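Novice: Handing over upload_5.cif, mmCIF, C-alpha atoms.
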```
data_query
#
loop_
_atom_site.label_atom_id
_atom_site.label_comp_id
_atom_site.auth_asym_id
_atom_site.auth_seq_id
_atom_site.Cartn_x
_atom_site.Cartn_y
_atom_site.Cartn_z
CA MET J 69 -32.13 -40.07 18.49
CA PRO J 70 -31.78 -37.27 21.06
CA TYR J 71 -30.37 -34.86 18.48
CA THR J 72 -30.98 -33.78 14.90
CA SER J 73 -28.37 -33.16 12.19
CA HIS J 74 -28.38 -29.99 10.07
CA TYR J 75 -26.42 -28.11 7.41
CA LEU J 76 -26.30 -24.37 6.71
CA THR J 77 -24.30 -22.24 4.31
CA CYS J 78 -22.24 -19.73 6.30
CA ALA J 79 -19.81 -17.34 4.61
CA GLY J 80 -20.29 -19.40 1.46
CA ARG J 81 -19.26 -22.66 3.17
CA GLU J 82 -21.42 -25.62 4.19
CA ILE J 83 -21.35 -26.03 7.95
CA HIS J 84 -22.73 -29.07 9.76
CA PHE J 85 -24.10 -29.01 13.29
CA THR J 86 -26.14 -31.15 15.63
CA GLU J 87 -29.00 -29.67 17.61
CA TRP J 88 -30.19 -30.97 20.96
CA GLY J 89 -33.16 -30.01 23.13
CA ALA J 90 -36.18 -27.74 22.90
CA GLY J 91 -34.57 -24.66 24.41
CA SER J 92 -37.08 -23.60 27.07
CA ALA J 93 -34.15 -22.58 29.29
CA GLY J 94 -32.16 -20.88 26.53
CA THR J 95 -29.40 -21.72 24.08
CA VAL J 96 -25.84 -23.01 24.47
CA ILE J 97 -23.23 -23.15 21.72
CA ALA J 98 -20.81 -26.05 22.38
CA TRP J 99 -17.73 -25.78 20.16
CA HIS J 100 -15.08 -28.49 19.85
CA GLY J 101 -11.28 -28.42 19.74
CA LEU J 102 -8.77 -28.08 16.93
CA ALA J 103 -8.76 -31.53 15.29
CA ARG J 104 -12.09 -32.73 16.65
CA THR J 105 -15.79 -32.58 15.76
CA GLY J 106 -18.98 -31.37 17.36
CA ARG J 107 -19.83 -34.92 18.38
CA ASP J 108 -17.28 -34.56 21.19
CA MET J 109 -19.97 -32.52 22.92
CA ASP J 110 -22.60 -35.30 22.93
CA GLU J 111 -22.50 -35.94 26.69
CA LEU J 112 -22.64 -32.25 27.56
CA ALA J 113 -25.35 -31.54 25.01
CA GLU J 114 -27.49 -34.43 26.21
CA HIS J 115 -27.04 -33.38 29.84
CA LEU J 116 -27.96 -29.75 29.17
CA SER J 117 -30.85 -30.62 26.87
CA GLN J 118 -32.40 -32.71 29.64
CA ARG J 119 -32.42 -29.54 31.75
CA GLY J 120 -34.29 -27.55 29.09
CA TRP J 121 -31.43 -26.10 27.07
CA ARG J 122 -31.16 -25.97 23.30
CA VAL J 123 -27.58 -26.96 22.44
CA ILE J 124 -25.91 -26.33 19.07
CA CYS J 125 -22.72 -28.31 18.35
CA PRO J 126 -21.05 -27.19 15.11
CA ASP J 127 -18.34 -28.93 13.12
CA THR J 128 -15.76 -26.24 12.36
CA LEU J 129 -14.86 -25.62 8.72
CA GLY J 130 -12.56 -28.47 7.65
CA ARG J 131 -13.68 -30.83 10.39
CA GLY J 132 -16.21 -33.62 10.58
CA LEU J 133 -19.07 -33.19 8.12
CA SER J 134 -18.46 -29.50 7.41
CA GLN J 135 -16.95 -28.44 4.10
CA TRP J 136 -13.17 -28.23 3.74
CA SER J 137 -11.91 -24.75 2.93
CA PRO J 138 -10.88 -24.05 -0.68
CA ASP J 139 -8.82 -21.16 0.71
CA PRO J 140 -6.91 -22.57 3.71
CA LYS J 141 -4.59 -19.59 4.11
CA HIS J 142 -7.37 -17.10 4.70
CA GLU J 143 -10.13 -19.24 6.21
CA TYR J 144 -8.43 -21.47 8.77
CA CYS J 145 -8.11 -18.71 11.35
CA LEU J 146 -10.05 -17.30 14.29
CA ALA J 147 -11.37 -14.28 12.41
CA PHE J 148 -13.04 -16.44 9.77
CA TYR J 149 -14.31 -18.89 12.38
CA ALA J 150 -15.92 -15.93 14.16
CA ARG J 151 -17.62 -14.95 10.91
CA LEU J 152 -18.93 -18.50 10.52
CA ALA J 153 -20.23 -18.40 14.10
CA ARG J 154 -21.95 -15.06 13.56
CA GLU J 155 -23.67 -16.23 10.40
CA LEU J 156 -24.67 -19.49 12.09
CA LEU J 157 -26.26 -17.61 15.01
CA ASP J 158 -27.97 -15.17 12.65
CA GLN J 159 -29.49 -17.91 10.52
CA LEU J 160 -30.67 -19.83 13.57
CA GLY J 161 -32.22 -16.69 15.04
CA ILE J 162 -30.11 -16.87 18.20
CA ALA J 163 -30.11 -13.44 19.81
CA SER J 164 -28.56 -14.61 23.07
CA THR J 165 -26.51 -17.67 23.97
CA HIS J 166 -24.05 -19.18 26.40
CA TRP J 167 -20.84 -20.61 24.97
CA VAL J 168 -18.83 -23.68 25.97
CA GLY J 169 -15.60 -24.12 24.03
CA THR J 170 -12.93 -26.79 24.27
CA SER J 171 -9.45 -25.57 23.29
CA MET J 172 -9.89 -23.89 19.88
CA GLY J 173 -13.63 -23.71 20.54
CA GLY J 174 -12.90 -21.60 23.61
CA ALA J 175 -10.70 -19.26 21.59
CA ILE J 176 -13.47 -18.87 19.01
CA GLY J 177 -15.89 -18.05 21.81
CA MET J 178 -13.47 -15.51 23.25
CA VAL J 179 -13.00 -13.61 19.98
CA CYS J 180 -16.74 -13.75 19.32
CA ALA J 181 -17.61 -12.43 22.77
CA SER J 182 -15.12 -9.56 22.53
CA GLY J 183 -16.87 -8.27 19.42
CA TYR J 184 -13.61 -7.19 17.80
CA PHE J 185 -13.93 -9.45 14.75
CA GLU J 186 -17.73 -9.49 14.61
CA PRO J 187 -19.14 -6.43 16.39
CA SER J 188 -22.73 -7.69 16.18
CA LEU J 189 -21.81 -10.57 18.50
CA LYS J 190 -20.88 -8.24 21.35
CA GLY J 191 -23.46 -8.76 24.07
CA ARG J 192 -25.02 -11.82 22.45
CA ILE J 193 -22.78 -14.27 24.32
CA ARG J 194 -23.88 -14.19 27.96
CA SER J 195 -21.26 -16.48 29.50
CA LEU J 196 -18.16 -18.32 28.36
CA VAL J 197 -16.64 -21.64 29.41
CA LEU J 198 -12.99 -22.03 28.40
CA ASN J 199 -12.24 -25.74 28.55
CA ASP J 200 -8.45 -25.85 28.81
CA ASN J 201 -8.06 -22.69 26.78
CA ALA J 202 -6.50 -19.33 27.59
CA PRO J 203 -5.51 -16.09 25.84
CA GLN J 204 -1.98 -17.45 25.45
CA LEU J 205 -0.94 -21.05 24.85
CA ALA J 206 2.33 -22.85 25.55
CA GLN J 207 4.42 -23.07 22.40
CA PRO J 208 5.86 -26.57 23.08
CA ALA J 209 2.31 -27.92 23.34
CA ILE J 210 1.36 -26.19 20.10
CA GLU J 211 4.32 -27.88 18.42
CA ARG J 212 3.14 -31.23 19.81
CA ILE J 213 -0.36 -30.69 18.44
CA LYS J 214 1.00 -29.57 15.05
CA ALA J 215 3.11 -32.72 14.86
CA TYR J 216 0.20 -35.16 15.21
CA ALA J 217 -2.55 -33.05 13.63
CA GLY J 218 -0.63 -31.86 10.59
CA SER J 219 0.28 -35.35 9.42
CA PRO J 220 -2.61 -37.57 10.46
CA PRO J 221 -1.80 -41.28 10.27
CA ALA J 222 -3.78 -43.81 8.25
CA PHE J 223 -4.60 -47.35 9.29
CA ALA J 224 -5.96 -50.45 7.63
CA THR J 225 -8.68 -50.89 10.25
CA VAL J 226 -10.92 -48.80 12.44
CA LEU J 227 -9.71 -50.63 15.55
CA GLU J 228 -6.15 -49.54 14.80
CA LEU J 229 -7.37 -45.95 14.49
CA GLU J 230 -9.21 -46.32 17.80
CA ALA J 231 -5.97 -47.47 19.45
CA PHE J 232 -4.27 -44.35 18.07
CA PHE J 233 -7.04 -42.10 19.42
CA ARG J 234 -6.84 -43.76 22.83
CA GLN J 235 -3.13 -42.95 22.93
CA VAL J 236 -3.13 -39.39 21.59
CA TYR J 237 -6.24 -38.35 23.54
CA ALA J 238 -5.32 -40.05 26.81
CA PRO J 239 -5.09 -36.55 28.44
CA TYR J 240 -8.87 -36.25 28.00
CA GLY J 241 -9.22 -38.34 31.14
CA TRP J 242 -11.57 -41.26 31.65
CA LEU J 243 -13.78 -42.38 28.78
CA SER J 244 -15.84 -45.55 28.71
CA ASP J 245 -15.19 -48.12 26.00
CA ALA J 246 -18.43 -47.03 24.36
CA GLN J 247 -17.32 -43.39 24.39
CA TRP J 248 -13.96 -44.28 22.83
CA ARG J 249 -15.81 -46.22 20.13
CA ARG J 250 -18.15 -43.29 19.43
CA LEU J 251 -15.23 -40.84 19.38
CA THR J 252 -13.55 -43.08 16.81
CA GLU J 253 -16.57 -43.67 14.62
CA THR J 254 -17.46 -39.96 14.53
CA SER J 255 -13.84 -39.02 13.76
CA THR J 256 -13.09 -41.41 10.89
CA ARG J 257 -12.97 -40.98 7.13
CA ARG J 258 -11.84 -43.53 4.57
CA LEU J 259 -9.12 -42.68 2.08
CA PRO J 260 -9.22 -43.66 -1.61
CA ASP J 261 -6.89 -46.58 -0.89
CA GLY J 262 -9.32 -47.93 1.71
CA ARG J 263 -7.40 -46.98 4.82
CA VAL J 264 -9.00 -44.90 7.58
CA THR J 265 -7.73 -41.60 8.98
CA PRO J 266 -9.01 -38.82 11.29
CA HIS J 267 -11.92 -36.88 9.83
CA TYR J 268 -10.46 -33.43 9.19
CA ASP J 269 -8.54 -31.43 6.62
CA PRO J 270 -4.81 -31.61 7.48
CA ALA J 271 -4.42 -28.12 6.00
CA MET J 272 -6.24 -26.67 9.00
CA VAL J 273 -2.92 -26.69 10.90
CA ARG J 274 -1.73 -23.98 8.49
CA GLN J 275 -3.39 -21.66 10.98
CA PHE J 276 -0.23 -21.91 13.08
CA THR J 277 2.09 -20.92 10.22
CA ASP J 278 -0.11 -18.55 8.21
CA HIS J 279 -1.37 -16.86 11.40
CA PRO J 280 1.39 -17.50 13.96
CA ASP J 281 -0.06 -15.13 16.58
CA ASP J 282 -3.68 -16.21 16.13
CA TYR J 283 -3.90 -17.67 19.63
CA ARG J 284 -2.38 -14.66 21.40
CA ILE J 285 -5.69 -13.00 22.14
CA TRP J 286 -5.18 -11.05 25.35
CA GLU J 287 -6.93 -8.01 23.87
CA HIS J 288 -10.06 -10.11 23.32
CA TYR J 289 -9.84 -11.55 26.84
CA ASP J 290 -9.39 -8.10 28.37
CA ALA J 291 -12.56 -6.93 26.60
CA LEU J 292 -14.77 -9.63 28.14
CA GLU J 293 -17.50 -8.29 30.40
CA ILE J 294 -19.31 -11.59 30.90
CA PRO J 295 -18.88 -14.44 33.40
CA VAL J 296 -16.00 -16.72 32.41
CA LEU J 297 -15.31 -20.22 33.73
CA CYS J 298 -11.86 -21.59 32.93
CA LEU J 299 -11.52 -25.34 33.36
CA ARG J 300 -7.82 -26.25 33.35
CA GLY J 301 -6.72 -29.84 33.05
CA ALA J 302 -4.55 -30.36 36.12
CA VAL J 303 -1.64 -31.63 34.01
CA SER J 304 -2.33 -29.55 30.89
CA ASP J 305 0.75 -28.71 28.84
CA LEU J 306 -1.17 -26.14 26.79
CA VAL J 307 -2.54 -23.83 29.51
CA LEU J 308 0.24 -23.06 31.95
CA THR J 309 -0.26 -22.05 35.57
CA GLU J 310 1.56 -18.75 34.97
CA THR J 311 -0.96 -17.94 32.21
CA ILE J 312 -3.81 -18.65 34.61
CA ALA J 313 -2.14 -16.36 37.15
CA GLU J 314 -2.06 -13.54 34.60
CA MET J 315 -5.69 -14.16 33.68
CA GLN J 316 -6.57 -13.67 37.34
CA HIS J 317 -5.17 -10.13 37.30
CA ARG J 318 -6.80 -8.69 34.19
CA GLY J 319 -9.87 -8.75 31.96
CA PRO J 320 -13.00 -10.28 33.48
CA ALA J 321 -11.11 -11.12 36.69
CA LEU J 322 -10.88 -7.39 37.44
CA ARG J 323 -14.67 -7.29 37.24
CA GLY J 324 -15.06 -10.30 39.53
CA ARG J 325 -16.32 -12.42 36.64
CA LEU J 326 -13.65 -15.13 36.35
CA GLN J 327 -13.74 -18.58 37.93
CA VAL J 328 -10.88 -21.05 37.54
CA VAL J 329 -11.24 -24.75 38.31
CA GLU J 330 -8.52 -27.36 37.96
CA VAL J 331 -9.87 -30.67 36.68
CA PRO J 332 -8.02 -33.62 38.24
CA GLY J 333 -6.97 -36.58 36.16
CA CYS J 334 -6.92 -34.62 32.90
CA GLY J 335 -4.46 -32.80 30.70
CA HIS J 336 -5.51 -31.19 27.44
CA ALA J 337 -8.43 -31.23 27.47
CA PRO J 338 -11.12 -32.54 29.86
CA ALA J 339 -13.66 -34.52 27.84
CA LEU J 340 -16.71 -32.97 29.55
CA ASN J 341 -18.18 -36.46 29.83
CA VAL J 342 -18.26 -37.30 33.55
CA PRO J 343 -20.72 -36.11 36.21
CA ASP J 344 -18.41 -33.68 38.03
CA GLN J 345 -17.40 -31.85 34.84
CA LEU J 346 -20.96 -31.78 33.51
CA GLU J 347 -22.28 -30.43 36.79
CA ARG J 348 -19.64 -27.68 37.02
CA VAL J 349 -20.50 -26.43 33.54
CA THR J 350 -24.24 -26.67 34.14
CA VAL J 351 -24.15 -24.81 37.46
CA PHE J 352 -22.06 -22.05 35.90
CA ILE J 353 -24.35 -21.61 32.91
CA GLU J 354 -27.51 -21.64 34.99
CA ALA J 355 -26.03 -19.12 37.43
CA SER J 356 -25.23 -16.86 34.47
CA ALA J 357 -28.66 -17.18 32.86
#
```
For this file, produce the structure as structure tokens.

Specialist:
Amino acid sequence: MPYTSHYLTCAGREIHFTEWGAGSAGTVIAWHGLARTGRDMDELAEHLSQRGWRVICPDTLGRGLSQWSPDPKHEYCLAFYARLARELLDQLGIASTHWVGTSMGGAIGMVCASGYFEPSLKGRIRSLVLNDNAPQLAQPAIERIKAYAGSPPAFATVLELEAFFRQVYAPYGWLSDAQWRRLTETSTRRLPDGRVTPHYDPAMVRQFTDHPDDYRIWEHYDALEIPVLCLRGAVSDLVLTETIAEMQHRGPALRGRLQVVEVPGCGHAPALNVPDQLERVTVFIEASA
């Protein structure tokens, strides 16, 4: 296998991650979206590892093979995710890294890079890719995500669950049949009654009610002094064009450090699985190294 699977205890919680590559070029943290797992980053991690990068793909607390939080109110939030990230980097001995984050993973990268939640991370993140993420998100899209993520369906068969994933994640853009199958198989858990359901803790959506302003993070964005690449799905309902316009007039944009690219054929969020997307991310990271 091109990757290895690992577990560490961070902030008292067991966190799973996959590790790719030897790291002669440096390290990249690739962090997934809200209801997803680190295996979404397989294509990107394999691509970067072939170019000499060490790539770490965590499962966020409550997702995939990481532990579910026994304290959802206080731990399903960006501040705690930043603490998990800091402890993960510390234990892995990562003094410097680039960060690629899809949706929630981009927000975690933003609050880590600002240093406001975890001051020791300031300066350790050398560049940031925001994959369809911004310092402010469209509320109707948040409501849409809450609706499907907060009450995950259950199906008798894996193929029925795959059909559900193909529908709800259609905005990801093109995926091969093999990629849809892998997405399904790495996102499935079986319930006590034998049915299958998405592999995450439904309580993680409490972030939106217990921390209603958690994704309004302009102060973190304004503090960024590193190169930032924002990939916006051309038909994204989460990252609005007016938000992008504001991003281009503050924070890293004022320092000439923001790039914005619209990704055709995608909404929320580009899957980072096709050559053009992989190349854009790779060129940005290597230019920032």

Novice: Could you name the residues that touch Phe148 of chain J at 10 Å or less, counting only C-alpha atoms, but leaving out those on the same chain fewer than 5 positions away, as a PDB file with C-alpha atoms, in the coordinates of the input?

Specialist:
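Contents of the output file out29.pdb:
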```pdb
ATOM      1  CA  ALA J  79     -19.810 -17.340   4.610  1.00  0.00           C
ATOM      2  CA  LEU J 129     -14.860 -25.620   8.720  1.00  0.00           C
ATOM      3  CA  HIS J 142      -7.370 -17.100   4.700  1.00  0.00           C
ATOM      4  CA  GLU J 143     -10.130 -19.240   6.210  1.00  0.00           C
ATOM      5  CA  ALA J 153     -20.230 -18.400  14.100  1.00  0.00           C
ATOM      6  CA  ARG J 154     -21.950 -15.060  13.560  1.00  0.00           C
ATOM      7  CA  ILE J 176     -13.470 -18.870  19.010  1.00  0.00           C
ATOM      8  CA  PHE J 185     -13.930  -9.450  14.750  1.00  0.00           C
ATOM      9  CA  GLU J 186     -17.730  -9.490  14.610  1.00  0.00           C
TER      10      GLU J 186
END
```

Novice: Please report, as JSON lines, each residue of segment 80-185 of chain J lying at most 10 Å from segment 291-306 of chain J, together with the nearest pair of atoms and the separation in Å rounded to one decimal; use all atoms listed in the file, and order rows by chain and ascending residue number.

Specialist:
```
{"residue": "J:His166", "atom": "CA", "partner": "J:Pro295", "partner_atom": "CA", "distance": 9.9}
{"residue": "J:Trp167", "atom": "CA", "partner": "J:Val296", "partner_atom": "CA", "distance": 9.7}
{"residue": "J:Val168", "atom": "CA", "partner": "J:Leu297", "partner_atom": "CA", "distance": 9.2}
{"residue": "J:Gly169", "atom": "CA", "partner": "J:Cys298", "partner_atom": "CA", "distance": 10.0}
{"residue": "J:Thr170", "atom": "CA", "partner": "J:Leu299", "partner_atom": "CA", "distance": 9.3}
{"residue": "J:Ser171", "atom": "CA", "partner": "J:Leu306", "partner_atom": "CA", "distance": 9.0}
{"residue": "J:Gly174", "atom": "CA", "partner": "J:Cys298", "partner_atom": "CA", "distance": 9.4}
{"residue": "J:Met178", "atom": "CA", "partner": "J:Leu292", "partner_atom": "CA", "distance": 7.8}
{"residue": "J:Val179", "atom": "CA", "partner": "J:Leu292", "partner_atom": "CA", "distance": 9.2}
{"residue": "J:Cys180", "atom": "CA", "partner": "J:Leu292", "partner_atom": "CA", "distance": 9.9}
{"residue": "J:Ala181", "atom": "CA", "partner": "J:Leu292", "partner_atom": "CA", "distance": 6.7}
{"residue": "J:Ser182", "atom": "CA", "partner": "J:Ala291", "partner_atom": "CA", "distance": 5.5}
{"residue": "J:Gly183", "atom": "CA", "partner": "J:Ala291", "partner_atom": "CA", "distance": 8.5}
{"residue": "J:Tyr184", "atom": "CA", "partner": "J:Ala291", "partner_atom": "CA", "distance": 8.9}
```

Novice: Generate a file of the selected residues that holds C-alpha atoms, formatted as an mmCIF file, in the coordinates of the input.

Specialist:
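Okay, out-v4.cif is ready:
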```cif
data_model
loop_
_atom_site.group_PDB
_atom_site.id
_atom_site.type_symbol
_atom_site.label_atom_id
_atom_site.label_comp_id
_atom_site.auth_asym_id
_atom_site.auth_seq_id
_atom_site.Cartn_x
_atom_site.Cartn_y
_atom_site.Cartn_z
ATOM 1 C CA HIS J 166 -24.050 -19.180 26.400
ATOM 2 C CA TRP J 167 -20.840 -20.610 24.970
ATOM 3 C CA VAL J 168 -18.830 -23.680 25.970
ATOM 4 C CA GLY J 169 -15.600 -24.120 24.030
ATOM 5 C CA THR J 170 -12.930 -26.790 24.270
ATOM 6 C CA SER J 171 -9.450 -25.570 23.290
ATOM 7 C CA GLY J 174 -12.900 -21.600 23.610
ATOM 8 C CA MET J 178 -13.470 -15.510 23.250
ATOM 9 C CA VAL J 179 -13.000 -13.610 19.980
ATOM 10 C CA CYS J 180 -16.740 -13.750 19.320
ATOM 11 C CA ALA J 181 -17.610 -12.430 22.770
ATOM 12 C CA SER J 182 -15.120 -9.560 22.530
ATOM 13 C CA GLY J 183 -16.870 -8.270 19.420
ATOM 14 C CA TYR J 184 -13.610 -7.190 17.800
#
```

Novice: Taking only C-alpha atoms into account, name the residue in J:Asp108, J:Asp282, J:Asp200, J:Asp261 that is nearest to Ala224 of chain J.

Specialist: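 Closest residue, counting only C-alpha atoms: J:Asp261.
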
Novice: J:Arg107, J:Arg348, J:Arg119, J:His279: which is nearest Val331 of chain J, counting all atoms listed in the file?

Specialist: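 Looking at the shortest contact to Val331 of chain J, the residue is J:Arg348.
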
Novice: Could you tell me how far atom CA of Ser188 of chain J sits from atom CA of Ser356 of chain J, in Å to one decimal place?

Specialist: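 Separation of atom CA of Ser356 of chain J and atom CA of Ser188 of chain J: 20.6 Å.
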
Novice: For the provided coordinates, the residues matched by the PyMOL selection byres ((chain J and resi 285) around 10) should be stated as a list of chain:residue names.

Specialist: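 What the PyMOL selection byres ((chain J and resi 285) around 10) grabs from the file is J:Leu146, J:Ala175, J:Met178, J:Val179, J:Ala202, J:Pro203, J:Gln204, J:Leu205, J:Asp281, J:Asp282, J:Tyr283, J:Arg284, J:Trp286, J:Glu287, J:His288, J:Tyr289, J:Asp290.
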
Novice: Expand the PyMOL selection byres ((chain J and resi 159) around 12) into the individual residues it matches in the shown file, reporting them as a ChimeraX atom specification.

Specialist: /J:75-79,83,152-158,160-163

Novice: So that each row is one residue of segment 210-253 of chain J with an atom at most 12 Å from segment 132-135 of chain J, can you give its shortest atom pair and the distance in Å to one decimal, using all atoms listed in the file, rows by chain and rising number, as a Markdown table?

Specialist:
```
| residue | atom | partner | partner_atom | distance |
| --- | --- | --- | --- | --- |
| J:Leu251 | CA | J:Gly132 | CA | 11.4 |
| J:Thr252 | CA | J:Gly132 | CA | 11.6 |
| J:Glu253 | CA | J:Gly132 | CA | 10.8 |
```

Novice: Just the number, please: distance in Å from atom CA of Val123 of chain J to atom CA of Pro320 of chain J, one decimal.

Specialist: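 Separating atom CA of Val123 of chain J from atom CA of Pro320 of chain J is a distance of 24.8 Å.
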
Novice: Go through J:Met109, J:Thr165, J:Ile97, J:Pro266 and flag the residue nearest Gly191 of chain J, using only C-alpha atoms for the distances.

Specialist: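 Among the listed residues, J:Thr165 lies closest to Gly191 of chain J.
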
Novice: Under the rule that all atoms listed in the file are counted, which of J:Trp242, J:Tyr71, J:Trp248, J:Tyr149 is the nearest residue to Ser137 of chain J?

Specialist: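 Answer, going by the shortest atom-to-atom distance: J:Tyr149.
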
Novice: Do you have the atom CA of His100 of chain J-atom CA of Gly177 of chain J distance handy?

Specialist: 10.7 Å

Novice: Quick one: apply the PyMOL selection byres ((chain J and resi 92) around 7) to the file and drop the selected residues here as a list in words.

Specialist: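 On this input, the PyMOL selection byres ((chain J and resi 92) around 7) captures Ala90, Gly91, Ala93, Gly94, Gly120 and Trp121 of chain J.
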
Novice: Taking all atoms listed in the file into account, name the residue in J:Ser164, J:Gly106, J:Gln345, J:Arg274 that is nearest to Arg192 of chain J.

Specialist: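 Checking each candidate against Arg192 of chain J, we get J:Ser164 as the closest.
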
Novice: Taking all atoms listed in the file into account, which of J:Thr128, J:Thr72, J:Thr265, J:Thr311 comes nearest Asn201 of chain J?

Specialist: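 Selected residue with least distance to Asn201 of chain J: J:Thr311.
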
Novice: Near Ile124 of chain J, within 7 Å and counting all atoms listed in the file, which residues show up once chain neighbours fewer than 4 positions away are dropped, as an MDAnalysis selection string?

Specialist: chainID J and resid 85:88 96:98

Novice: Would you kindly identify which residues have an atom no farther than 9 Å from (-10.0, -34.6, 18.0), using all atoms listed in the file and the file's own coordinates, and write them out as a list of chain:residue names?

Specialist: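 Residues with an atom at most 9 Å from (-10.0, -34.6, 18.0): J:His100, J:Gly101, J:Leu102, J:Ala103, J:Arg104, J:Thr105, J:Asp108, J:Ala217, J:Phe233, J:Tyr237, J:Leu251, J:Ser255, J:Pro266, J:His267, J:Tyr268.
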
Novice: Give me the box for segment 291-305 of chain J as JSON, namely the centre and edge lengths in Å to one decimal of a box along x, y and z that holds every listed atom plus 8 Å on each side.

Specialist:
```
{"center_x": -9.3, "center_y": -19.3, "center_z": 31.4, "size_x": 36.1, "size_y": 40.7, "size_z": 25.5}
```
